[in-house]
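Here the structure is laid out as structure tokens; the discussion comes afterwards.
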Amino acid sequence: MKVHHLNCGTMRPPGATLVCHVLLIETDRRGLVLVDSGYGLRDVAEPARRVGPLRLAMRPLLDPEETAARQIERLGFRREDVRHIVLTHLDPDHVGGIADFPGARVHVTSAEARGALHAPGPRERLRFRPAQWSHGPLFVEHGPGGEAWHGFAAARELDDVAPGIVLVPLPGHTRGHAGVAVEADGGVLLHAGDAFFDHTTLTGRTRMPLALRATETLVAHDLARVRANHARLAELHRRADGPAILCAHDPVLLERAREGLTGPAS
């Protein structure tokens with residue numbers, strides 16, 4: 001599968017510049033697939049209602065030309081060509097763009113759907129923005145269980161989306177957070193969403209800005225699991241047969257992915 005690496009939302013919190021790294025996947029016969037969706041056109045038009053307090057802390061640029069919808073059109077596709085969107089989680093900077101693709105099936109873990117859609121707890125009610133799915137998207141929930149994948153015990157291949165796309169549970173940042181693995185033309189990619197924020201996590205060094213490190217800690221649904229994911233992903237990165245590991249917000253990893261480089265900067 002051919003993969004395009006898109007930035008669907010530049011953010012400028014104090015002391016850092018972040019991206020919203022979205023994968024656009026061209027499948028053989030099943031149209032286009034997005035992994036995450038970044039900010040969408042409706043977020044640009046109604047930031048207070050749809051993005052909420054996140055916009056004050058993360059200071060997103062909210063440029064309509066950065067939306068997945070506009071970038072897909074510039075690549076020569078139609079929005080209707082997007083048949084599936086696989087979300088790592090339902091935070092506003094990952095889900096806002098789904099409204100620009102109303103015909104797409106939106107895939108999430110059942111744990112994430114419970115925490116955001118069905119039975120959110122008090123912190124989750126503050127965190128998620130139901131306005132972003134008020135257009136009535138078709139959510140497809142994927143329950144626990146599955147097959148072993150690179151040391152993860154319960155990964156699930158999404159055959160209904162496309163062979164070679166795998167949902168890998170990585171709970172911690174949110175209740176049902178997941179990574180998404182893709183068998184791309186150049187090798188296997190693992191988009192780890194917000195399981196980590198900075199490429200130095202994979203190499204065992206922690207040079208990311210203090211404010212970003214504090215944000216990762218403060219927003220964690222389960223901090224112990226976040227730290228466990230850090231260790232598991234760093235170990236997977238060290239394996240010669242492991243996938244290329246990406247995350248959602250590191251501009252270094254986005255640029256290296258665009259250049260075809262598979263490892264984080266040293």
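As shown in the structure tokens, the chain order sets the letters A, B, ...; within each chain, residues go from 1, and ligands are also counted from 1 in the order they appear.
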Can you list every residue of segment 110-210 of chain A that has an atom at most 7 Å from segment 225-242 of chain A, with its nearest atom pair and the distance in Å to one decimal, using only C-alpha atoms, ordered by chain then number, as a tab-separated table?
```
residue	atom	partner	partner_atom	distance
A:Leu170	CA	A:Asn229	CA	6.7
A:Pro171	CA	A:Arg225	CA	6.7
A:Gly172	CA	A:Val226	CA	4.8
A:His173	CA	A:Val226	CA	6.1
A:Ala195	CA	A:Val226	CA	6.4
A:Phe196	CA	A:His230	CA	6.6
A:Thr201	CA	A:His230	CA	6.5
A:Leu202	CA	A:Ala234	CA	4.3
A:Thr203	CA	A:Ala234	CA	6.3
```
* To do: Would you kindly return, as a ChimeraX atom specification, each protein, DNA or RNA residue with an atom no farther than 12 Å from any atom of segment 51-56 of chain A, considering only C-alpha atoms and excluding same-chain residues fewer than 2 positions away?
  => /A:9-14,38-49,58-62,90-97,125-133,215,219
Q: Pick out each residue of segment 165-238 of chain A that DSSP on the backbone tags as strand (DSSP E); I need them as a PyMOL selection string.
A: chain A and resi 165-169+178-184+187-191
Got time to write the residues from that selection, N, CA and C atoms, as a PDB file, in the first residue's frame?
```
ATOM      1  N   ILE A 165      -3.621  -3.839   7.496  1.00  0.00           N
ATOM      2  CA  ILE A 165      -3.835  -2.756   8.461  1.00  0.00           C
ATOM      3  C   ILE A 165      -4.243  -3.400   9.785  1.00  0.00           C
ATOM      4  N   VAL A 166      -3.498  -3.100  10.846  1.00  0.00           N
ATOM      5  CA  VAL A 166      -3.651  -3.799  12.122  1.00  0.00           C
ATOM      6  C   VAL A 166      -3.861  -2.777  13.234  1.00  0.00           C
ATOM      7  N   LEU A 167      -4.866  -3.015  14.078  1.00  0.00           N
ATOM      8  CA  LEU A 167      -5.140  -2.181  15.243  1.00  0.00           C
ATOM      9  C   LEU A 167      -4.408  -2.785  16.440  1.00  0.00           C
ATOM     10  N   VAL A 168      -3.529  -1.998  17.054  1.00  0.00           N
ATOM     11  CA  VAL A 168      -2.664  -2.483  18.132  1.00  0.00           C
ATOM     12  C   VAL A 168      -3.012  -1.719  19.416  1.00  0.00           C
ATOM     13  N   PRO A 169      -3.656  -2.358  20.394  1.00  0.00           N
ATOM     14  CA  PRO A 169      -4.040  -1.635  21.615  1.00  0.00           C
ATOM     15  C   PRO A 169      -2.829  -1.068  22.354  1.00  0.00           C
ATOM     16  N   ALA A 178      -5.038   3.344  20.737  1.00  0.00           N
ATOM     17  CA  ALA A 178      -4.457   2.245  19.967  1.00  0.00           C
ATOM     18  C   ALA A 178      -3.455   2.790  18.967  1.00  0.00           C
ATOM     19  N   GLY A 179      -2.525   1.956  18.583  1.00  0.00           N
ATOM     20  CA  GLY A 179      -1.673   2.236  17.438  1.00  0.00           C
ATOM     21  C   GLY A 179      -2.255   1.568  16.209  1.00  0.00           C
ATOM     22  N   VAL A 180      -1.799   1.994  15.040  1.00  0.00           N
ATOM     23  CA  VAL A 180      -2.270   1.422  13.781  1.00  0.00           C
ATOM     24  C   VAL A 180      -1.050   1.056  12.949  1.00  0.00           C
ATOM     25  N   ALA A 181      -0.907  -0.232  12.651  1.00  0.00           N
ATOM     26  CA  ALA A 181       0.199  -0.714  11.827  1.00  0.00           C
ATOM     27  C   ALA A 181      -0.265  -0.857  10.385  1.00  0.00           C
ATOM     28  N   VAL A 182       0.642  -0.565   9.457  1.00  0.00           N
ATOM     29  CA  VAL A 182       0.324  -0.594   8.034  1.00  0.00           C
ATOM     30  C   VAL A 182       1.467  -1.269   7.288  1.00  0.00           C
ATOM     31  N   GLU A 183       1.133  -2.246   6.466  1.00  0.00           N
ATOM     32  CA  GLU A 183       2.127  -2.865   5.588  1.00  0.00           C
ATOM     33  C   GLU A 183       2.264  -1.988   4.352  1.00  0.00           C
ATOM     34  N   ALA A 184       3.185  -1.034   4.414  1.00  0.00           N
ATOM     35  CA  ALA A 184       3.370  -0.061   3.347  1.00  0.00           C
ATOM     36  C   ALA A 184       4.358  -0.581   2.311  1.00  0.00           C
ATOM     37  N   GLY A 187       7.850  -1.014   3.731  1.00  0.00           N
ATOM     38  CA  GLY A 187       7.998  -1.777   4.966  1.00  0.00           C
ATOM     39  C   GLY A 187       6.840  -1.483   5.900  1.00  0.00           C
ATOM     40  N   VAL A 188       6.863  -2.081   7.079  1.00  0.00           N
ATOM     41  CA  VAL A 188       5.770  -1.935   8.037  1.00  0.00           C
ATOM     42  C   VAL A 188       5.954  -0.658   8.847  1.00  0.00           C
ATOM     43  N   LEU A 189       4.868   0.125   8.948  1.00  0.00           N
ATOM     44  CA  LEU A 189       4.831   1.323   9.785  1.00  0.00           C
ATOM     45  C   LEU A 189       3.920   1.066  10.976  1.00  0.00           C
ATOM     46  N   LEU A 190       4.273   1.629  12.115  1.00  0.00           N
ATOM     47  CA  LEU A 190       3.376   1.643  13.270  1.00  0.00           C
ATOM     48  C   LEU A 190       3.142   3.091  13.663  1.00  0.00           C
ATOM     49  N   HIS A 191       1.934   3.583  13.399  1.00  0.00           N
ATOM     50  CA  HIS A 191       1.541   4.923  13.854  1.00  0.00           C
ATOM     51  C   HIS A 191       1.056   4.739  15.286  1.00  0.00           C
TER      52      HIS A 191
END
```
Segment 106-120 of chain A: which residues within 8 Å, counting only C-alpha atoms, same-chain residues fewer than 3 positions away excluded, as an mmCIF file with all heavy atoms, in the first residue's frame?
```cif
data_model
loop_
_atom_site.group_PDB
_atom_site.id
_atom_site.type_symbol
_atom_site.label_atom_id
_atom_site.label_comp_id
_atom_site.auth_asym_id
_atom_site.auth_seq_id
_atom_site.Cartn_x
_atom_site.Cartn_y
_atom_site.Cartn_z
ATOM 1 N N HIS A 84 -12.602 4.597 4.673
ATOM 2 C CA HIS A 84 -12.416 4.228 6.078
ATOM 3 C C HIS A 84 -11.482 5.227 6.754
ATOM 4 O O HIS A 84 -10.534 5.728 6.125
ATOM 5 C CB HIS A 84 -11.795 2.825 6.213
ATOM 6 C CG HIS A 84 -12.632 1.728 5.637
ATOM 7 N ND1 HIS A 84 -13.630 1.100 6.350
ATOM 8 C CD2 HIS A 84 -12.609 1.147 4.404
ATOM 9 C CE1 HIS A 84 -14.192 0.168 5.580
ATOM 10 N NE2 HIS A 84 -13.595 0.186 4.402
ATOM 11 N N ILE A 85 -11.746 5.496 8.029
ATOM 12 C CA ILE A 85 -10.853 6.287 8.881
ATOM 13 C C ILE A 85 -10.604 5.468 10.140
ATOM 14 O O ILE A 85 -11.555 5.109 10.851
ATOM 15 C CB ILE A 85 -11.465 7.651 9.246
ATOM 16 C CG1 ILE A 85 -11.813 8.455 7.979
ATOM 17 C CG2 ILE A 85 -10.494 8.442 10.130
ATOM 18 C CD1 ILE A 85 -12.581 9.727 8.252
ATOM 19 N N VAL A 86 -9.350 5.157 10.407
ATOM 20 C CA VAL A 86 -8.980 4.390 11.596
ATOM 21 C C VAL A 86 -8.360 5.360 12.582
ATOM 22 O O VAL A 86 -7.338 5.980 12.287
ATOM 23 C CB VAL A 86 -7.995 3.256 11.252
ATOM 24 C CG1 VAL A 86 -7.727 2.400 12.494
ATOM 25 C CG2 VAL A 86 -8.541 2.384 10.120
ATOM 26 N N LEU A 87 -8.976 5.508 13.752
ATOM 27 C CA LEU A 87 -8.538 6.491 14.734
ATOM 28 C C LEU A 87 -7.712 5.846 15.828
ATOM 29 O O LEU A 87 -8.090 4.800 16.370
ATOM 30 C CB LEU A 87 -9.747 7.189 15.357
ATOM 31 C CG LEU A 87 -10.611 8.028 14.402
ATOM 32 C CD1 LEU A 87 -11.829 8.568 15.153
ATOM 33 C CD2 LEU A 87 -9.811 9.172 13.800
ATOM 34 N N THR A 88 -6.613 6.510 16.194
ATOM 35 C CA THR A 88 -5.859 6.054 17.355
ATOM 36 C C THR A 88 -6.646 6.351 18.630
ATOM 37 O O THR A 88 -6.595 5.570 19.589
ATOM 38 C CB THR A 88 -4.472 6.719 17.425
ATOM 39 O OG1 THR A 88 -4.623 8.141 17.521
ATOM 40 C CG2 THR A 88 -3.639 6.382 16.193
ATOM 41 N N HIS A 89 -7.365 7.462 18.656
ATOM 42 C CA HIS A 89 -8.212 7.830 19.791
ATOM 43 C C HIS A 89 -9.057 9.029 19.384
ATOM 44 O O HIS A 89 -8.982 9.484 18.234
ATOM 45 C CB HIS A 89 -7.382 8.092 21.048
ATOM 46 C CG HIS A 89 -6.411 9.231 20.952
ATOM 47 N ND1 HIS A 89 -5.363 9.265 20.049
ATOM 48 C CD2 HIS A 89 -6.307 10.395 21.653
ATOM 49 C CE1 HIS A 89 -4.663 10.367 20.205
ATOM 50 N NE2 HIS A 89 -5.224 11.083 21.163
ATOM 51 N N LEU A 90 -9.863 9.524 20.306
ATOM 52 C CA LEU A 90 -10.886 10.505 19.964
ATOM 53 C C LEU A 90 -10.612 11.894 20.540
ATOM 54 O O LEU A 90 -11.543 12.702 20.693
ATOM 55 C CB LEU A 90 -12.267 10.006 20.428
ATOM 56 C CG LEU A 90 -12.825 8.844 19.598
ATOM 57 C CD1 LEU A 90 -14.034 8.222 20.275
ATOM 58 C CD2 LEU A 90 -13.208 9.295 18.206
ATOM 59 N N ILE A 98 -13.057 14.030 10.683
ATOM 60 C CA ILE A 98 -13.962 12.989 10.176
ATOM 61 C C ILE A 98 -15.216 13.599 9.561
ATOM 62 O O ILE A 98 -15.826 12.998 8.672
ATOM 63 C CB ILE A 98 -14.330 11.950 11.256
ATOM 64 C CG1 ILE A 98 -15.159 12.571 12.384
ATOM 65 C CG2 ILE A 98 -13.082 11.276 11.810
ATOM 66 C CD1 ILE A 98 -15.710 11.547 13.377
ATOM 67 N N ARG A 123 -13.549 13.151 33.869
ATOM 68 C CA ARG A 123 -12.432 13.741 33.119
ATOM 69 C C ARG A 123 -12.639 13.578 31.617
ATOM 70 O O ARG A 123 -12.282 14.460 30.837
ATOM 71 C CB ARG A 123 -11.116 13.079 33.532
ATOM 72 C CG ARG A 123 -10.616 13.484 34.907
ATOM 73 C CD ARG A 123 -9.253 12.879 35.170
ATOM 74 N NE ARG A 123 -8.237 13.432 34.288
ATOM 75 C CZ ARG A 123 -7.044 12.889 34.101
ATOM 76 N NH1 ARG A 123 -6.701 11.775 34.728
ATOM 77 N NH2 ARG A 123 -6.174 13.451 33.286
ATOM 78 N N GLU A 124 -13.231 12.463 31.222
ATOM 79 C CA GLU A 124 -13.460 12.225 29.794
ATOM 80 C C GLU A 124 -14.519 13.173 29.248
ATOM 81 O O GLU A 124 -14.425 13.612 28.096
ATOM 82 C CB GLU A 124 -13.857 10.762 29.566
ATOM 83 C CG GLU A 124 -12.687 9.813 29.791
ATOM 84 C CD GLU A 124 -13.105 8.359 29.909
ATOM 85 O OE1 GLU A 124 -14.169 8.095 30.508
ATOM 86 O OE2 GLU A 124 -12.361 7.490 29.425
ATOM 87 N N ARG A 125 -15.500 13.526 30.056
ATOM 88 C CA ARG A 125 -16.516 14.486 29.593
ATOM 89 C C ARG A 125 -15.896 15.858 29.343
ATOM 90 O O ARG A 125 -16.351 16.602 28.474
ATOM 91 C CB ARG A 125 -17.659 14.580 30.608
ATOM 92 C CG ARG A 125 -18.626 13.403 30.543
ATOM 93 C CD ARG A 125 -19.898 13.690 31.306
ATOM 94 N NE ARG A 125 -19.683 13.705 32.747
ATOM 95 C CZ ARG A 125 -19.746 12.635 33.528
ATOM 96 N NH1 ARG A 125 -20.012 11.446 32.996
ATOM 97 N NH2 ARG A 125 -19.539 12.733 34.826
ATOM 98 N N PHE A 128 -13.294 15.192 25.743
ATOM 99 C CA PHE A 128 -13.781 14.933 24.390
ATOM 100 C C PHE A 128 -14.839 15.959 23.980
ATOM 101 O O PHE A 128 -15.486 16.574 24.819
ATOM 102 C CB PHE A 128 -14.337 13.513 24.287
ATOM 103 C CG PHE A 128 -13.313 12.443 24.572
ATOM 104 C CD1 PHE A 128 -13.458 11.585 25.652
ATOM 105 C CD2 PHE A 128 -12.193 12.297 23.765
ATOM 106 C CE1 PHE A 128 -12.520 10.605 25.917
ATOM 107 C CE2 PHE A 128 -11.246 11.322 24.020
ATOM 108 C CZ PHE A 128 -11.409 10.473 25.102
ATOM 109 N N PRO A 130 -18.112 16.118 21.782
ATOM 110 C CA PRO A 130 -19.152 15.456 20.985
ATOM 111 C C PRO A 130 -19.572 16.227 19.746
ATOM 112 O O PRO A 130 -20.085 15.626 18.785
ATOM 113 C CB PRO A 130 -20.308 15.310 21.983
ATOM 114 C CG PRO A 130 -19.647 15.261 23.320
ATOM 115 C CD PRO A 130 -18.477 16.199 23.202
ATOM 116 N N PRO A 137 -21.527 10.087 12.253
ATOM 117 C CA PRO A 137 -20.701 9.147 11.492
ATOM 118 C C PRO A 137 -21.009 7.708 11.862
ATOM 119 O O PRO A 137 -21.546 7.423 12.947
ATOM 120 C CB PRO A 137 -19.269 9.527 11.911
ATOM 121 C CG PRO A 137 -19.433 10.105 13.280
ATOM 122 C CD PRO A 137 -20.739 10.836 13.254
ATOM 123 N N LEU A 138 -20.664 6.796 10.968
ATOM 124 C CA LEU A 138 -20.830 5.367 11.242
ATOM 125 C C LEU A 138 -19.574 4.872 11.949
ATOM 126 O O LEU A 138 -18.544 4.621 11.329
ATOM 127 C CB LEU A 138 -21.046 4.598 9.939
ATOM 128 C CG LEU A 138 -21.159 3.067 10.096
ATOM 129 C CD1 LEU A 138 -22.288 2.701 11.061
ATOM 130 C CD2 LEU A 138 -21.360 2.407 8.754
ATOM 131 N N PHE A 139 -19.660 4.755 13.284
ATOM 132 C CA PHE A 139 -18.545 4.223 14.049
ATOM 133 C C PHE A 139 -18.565 2.701 13.997
ATOM 134 O O PHE A 139 -19.621 2.071 14.120
ATOM 135 C CB PHE A 139 -18.630 4.683 15.506
ATOM 136 C CG PHE A 139 -18.161 6.092 15.739
ATOM 137 C CD1 PHE A 139 -19.075 7.111 15.977
ATOM 138 C CD2 PHE A 139 -16.813 6.398 15.733
ATOM 139 C CE1 PHE A 139 -18.649 8.411 16.199
ATOM 140 C CE2 PHE A 139 -16.376 7.706 15.954
ATOM 141 C CZ PHE A 139 -17.289 8.705 16.181
ATOM 142 N N VAL A 140 -17.402 2.133 13.828
ATOM 143 C CA VAL A 140 -17.224 0.681 13.882
ATOM 144 C C VAL A 140 -16.313 0.398 15.064
ATOM 145 O O VAL A 140 -15.163 0.850 15.095
ATOM 146 C CB VAL A 140 -16.595 0.140 12.583
ATOM 147 C CG1 VAL A 140 -16.439 -1.377 12.656
ATOM 148 C CG2 VAL A 140 -17.427 0.545 11.374
ATOM 149 N N GLU A 141 -16.835 -0.325 16.048
ATOM 150 C CA GLU A 141 -16.092 -0.579 17.275
ATOM 151 C C GLU A 141 -15.440 -1.962 17.227
ATOM 152 O O GLU A 141 -16.076 -2.941 16.837
ATOM 153 C CB GLU A 141 -17.023 -0.470 18.479
ATOM 154 C CG GLU A 141 -17.670 0.897 18.617
ATOM 155 C CD GLU A 141 -18.650 0.983 19.773
ATOM 156 O OE1 GLU A 141 -18.513 0.172 20.728
ATOM 157 O OE2 GLU A 141 -19.556 1.838 19.729
ATOM 158 N N HIS A 142 -14.185 -2.009 17.648
ATOM 159 C CA HIS A 142 -13.421 -3.247 17.626
ATOM 160 C C HIS A 142 -13.087 -3.639 19.057
ATOM 161 O O HIS A 142 -12.417 -2.904 19.785
ATOM 162 C CB HIS A 142 -12.150 -3.078 16.798
ATOM 163 C CG HIS A 142 -12.426 -2.745 15.361
ATOM 164 N ND1 HIS A 142 -12.650 -3.710 14.407
ATOM 165 C CD2 HIS A 142 -12.560 -1.545 14.728
ATOM 166 C CE1 HIS A 142 -12.889 -3.129 13.239
ATOM 167 N NE2 HIS A 142 -12.842 -1.816 13.407
ATOM 168 N N GLY A 143 -13.589 -4.824 19.452
ATOM 169 C CA GLY A 143 -13.435 -5.287 20.814
ATOM 170 C C GLY A 143 -12.064 -5.863 21.102
ATOM 171 O O GLY A 143 -11.195 -5.940 20.224
ATOM 172 N N PRO A 144 -11.837 -6.274 22.353
ATOM 173 C CA PRO A 144 -10.545 -6.843 22.730
ATOM 174 C C PRO A 144 -10.322 -8.198 22.064
ATOM 175 O O PRO A 144 -11.239 -8.812 21.523
ATOM 176 C CB PRO A 144 -10.653 -6.972 24.246
ATOM 177 C CG PRO A 144 -12.125 -7.071 24.514
ATOM 178 C CD PRO A 144 -12.787 -6.229 23.463
ATOM 179 N N PRO A 169 -3.656 -2.358 20.394
ATOM 180 C CA PRO A 169 -4.040 -1.635 21.615
ATOM 181 C C PRO A 169 -2.829 -1.068 22.354
ATOM 182 O O PRO A 169 -1.859 -1.770 22.621
ATOM 183 C CB PRO A 169 -4.734 -2.715 22.455
ATOM 184 C CG PRO A 169 -5.210 -3.733 21.456
ATOM 185 C CD PRO A 169 -4.163 -3.750 20.385
ATOM 186 N N THR A 174 -5.408 7.595 26.476
ATOM 187 C CA THR A 174 -6.844 7.551 26.721
ATOM 188 C C THR A 174 -7.214 6.116 27.070
ATOM 189 O O THR A 174 -6.395 5.200 26.989
ATOM 190 C CB THR A 174 -7.669 8.008 25.498
ATOM 191 O OG1 THR A 174 -7.399 7.109 24.400
ATOM 192 C CG2 THR A 174 -7.329 9.431 25.093
ATOM 193 N N ARG A 175 -8.462 5.917 27.438
ATOM 194 C CA ARG A 175 -8.900 4.603 27.905
ATOM 195 C C ARG A 175 -8.701 3.523 26.848
ATOM 196 O O ARG A 175 -8.291 2.407 27.131
ATOM 197 C CB ARG A 175 -10.382 4.673 28.294
ATOM 198 C CG ARG A 175 -10.895 3.420 28.969
ATOM 199 C CD ARG A 175 -12.399 3.384 29.088
ATOM 200 N NE ARG A 175 -12.980 4.544 29.779
ATOM 201 C CZ ARG A 175 -14.176 4.505 30.362
ATOM 202 N NH1 ARG A 175 -14.900 3.397 30.343
ATOM 203 N NH2 ARG A 175 -14.669 5.599 30.935
ATOM 204 N N GLY A 176 -8.996 3.852 25.594
ATOM 205 C CA GLY A 176 -8.919 2.852 24.537
ATOM 206 C C GLY A 176 -7.959 3.218 23.424
ATOM 207 O O GLY A 176 -8.155 2.814 22.268
ATOM 208 N N HIS A 177 -6.929 3.986 23.736
ATOM 209 C CA HIS A 177 -5.953 4.402 22.737
ATOM 210 C C HIS A 177 -5.343 3.180 22.043
ATOM 211 O O HIS A 177 -5.135 2.135 22.651
ATOM 212 C CB HIS A 177 -4.859 5.222 23.423
ATOM 213 C CG HIS A 177 -3.844 5.791 22.498
ATOM 214 N ND1 HIS A 177 -2.794 5.051 22.004
ATOM 215 C CD2 HIS A 177 -3.704 7.039 21.974
ATOM 216 C CE1 HIS A 177 -2.054 5.816 21.217
ATOM 217 N NE2 HIS A 177 -2.588 7.023 21.175
ATOM 218 N N ALA A 178 -5.038 3.344 20.737
ATOM 219 C CA ALA A 178 -4.457 2.245 19.967
ATOM 220 C C ALA A 178 -3.455 2.790 18.967
ATOM 221 O O ALA A 178 -3.535 3.953 18.552
ATOM 222 C CB ALA A 178 -5.546 1.454 19.232
#
```
**Q.** Å distance separating atom CA of Val19 of chain A from atom CA of Pro163 of chain A, one decimal place
**A.**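 Separating atom CA of Val19 of chain A from atom CA of Pro163 of chain A is a distance of 27.9 Å.
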* To do: Pick out the residues sitting within 7 Å of His4 of chain A, and hand them over as number ranges by chain; count only C-alpha atoms, and ignore anything fewer than 6 positions along from it in its own chain.
  => A: 23-25
Hey, can you spit out that residue selection with all heavy atoms as an mmCIF file, in the first residue's frame?
```
data_model
loop_
_atom_site.group_PDB
_atom_site.id
_atom_site.type_symbol
_atom_site.label_atom_id
_atom_site.label_comp_id
_atom_site.auth_asym_id
_atom_site.auth_seq_id
_atom_site.Cartn_x
_atom_site.Cartn_y
_atom_site.Cartn_z
ATOM 1 N N LEU A 23 -1.864 9.565 8.321
ATOM 2 C CA LEU A 23 -1.507 8.708 7.195
ATOM 3 C C LEU A 23 -2.666 8.655 6.208
ATOM 4 O O LEU A 23 -3.818 8.435 6.601
ATOM 5 C CB LEU A 23 -1.193 7.284 7.663
ATOM 6 C CG LEU A 23 -0.134 7.104 8.753
ATOM 7 C CD1 LEU A 23 0.098 5.615 9.013
ATOM 8 C CD2 LEU A 23 1.159 7.808 8.397
ATOM 9 N N LEU A 24 -2.365 8.845 4.943
ATOM 10 C CA LEU A 24 -3.324 8.627 3.858
ATOM 11 C C LEU A 24 -2.835 7.415 3.079
ATOM 12 O O LEU A 24 -1.740 7.426 2.518
ATOM 13 C CB LEU A 24 -3.407 9.842 2.944
ATOM 14 C CG LEU A 24 -4.243 9.660 1.674
ATOM 15 C CD1 LEU A 24 -5.707 9.443 2.017
ATOM 16 C CD2 LEU A 24 -4.078 10.852 0.734
ATOM 17 N N ILE A 25 -3.650 6.368 3.060
ATOM 18 C CA ILE A 25 -3.248 5.087 2.493
ATOM 19 C C ILE A 25 -4.040 4.822 1.224
ATOM 20 O O ILE A 25 -5.275 4.874 1.227
ATOM 21 C CB ILE A 25 -3.498 3.940 3.501
ATOM 22 C CG1 ILE A 25 -2.777 4.238 4.832
ATOM 23 C CG2 ILE A 25 -3.046 2.605 2.932
ATOM 24 C CD1 ILE A 25 -3.217 3.337 5.969
#
```
(Q) Report, in Å to a single decimal, how far apart atom CA of Phe101 of chain A and atom CA of Ala68 of chain A are. (A)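 These atoms are spaced 9.5 Å apart.
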Inset, instruction - Kindly indicate which residue among A:Gly103, A:Gly260, A:Arg50, A:Asp250 lies nearest to Asp185 of chain A, using only C-alpha atoms for the distances. - result: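 Answer, going by the shortest atom-to-atom distance: A:Gly260.
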Segment 76-81 of chain A surroundings by only C-alpha atoms, 7 Å radius, close-in-sequence under 2 positions cut, as an MDAnalysis selection string: chainID A and resid 31:32 69 72:74 83 101 103
Next, the residues of the selection above should be written as a compact mmCIF listing (two decimals), in the first residue's frame with N, CA and C atoms.
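again_17.txt written:
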```
# COMPACT_ATOMS: atom_id res chain seq x y z
N GLY A 31 -10.35 1.82 -2.04
CA GLY A 31 -10.33 3.27 -1.90
C GLY A 31 -9.24 3.73 -0.97
N LEU A 32 -9.45 4.91 -0.40
CA LEU A 32 -8.48 5.52 0.49
C LEU A 32 -8.83 5.25 1.94
N ALA A 69 -9.00 17.07 4.08
CA ALA A 69 -9.89 17.24 2.93
C ALA A 69 -9.20 18.01 1.81
N ILE A 72 -6.10 16.03 0.34
CA ILE A 72 -6.51 14.91 -0.51
C ILE A 72 -6.94 15.43 -1.88
N GLU A 73 -7.66 16.53 -1.90
CA GLU A 73 -8.07 17.11 -3.18
C GLU A 73 -6.87 17.60 -3.99
N ARG A 74 -5.87 18.14 -3.31
CA ARG A 74 -4.67 18.60 -4.03
C ARG A 74 -3.89 17.41 -4.62
N ARG A 83 -12.85 5.80 2.19
CA ARG A 83 -13.87 4.82 2.60
C ARG A 83 -13.80 4.50 4.09
N PHE A 101 -15.60 13.80 5.80
CA PHE A 101 -15.74 12.55 5.05
C PHE A 101 -16.95 11.78 5.59
N GLY A 103 -19.20 9.92 4.49
CA GLY A 103 -19.50 8.57 4.03
C GLY A 103 -18.54 7.52 4.51
```
Next item on the list: as a ChimeraX atom specification, list the residues of segment 133-239 of chain A assigned to alpha helix (DSSP H) by DSSP on the backbone atoms of this structure.
Entry: /A:200-203,210-218,223-238
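Distance-wise, atom CA of Gly15 of chain A and atom CA of Arg70 of chain A end up 28.5 Å apart.
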Discussion item. Env of Phe197 of chain A: 9 Å cut, atoms = only C-alpha atoms, seq-sep filter 4 positions within chain, self excluded. Answer as a list in words.
Written reply: Gly193, Thr201, Met208, Leu212, Arg213, Glu216, Cys247, Ala248, His249 and Asp250 of chain A
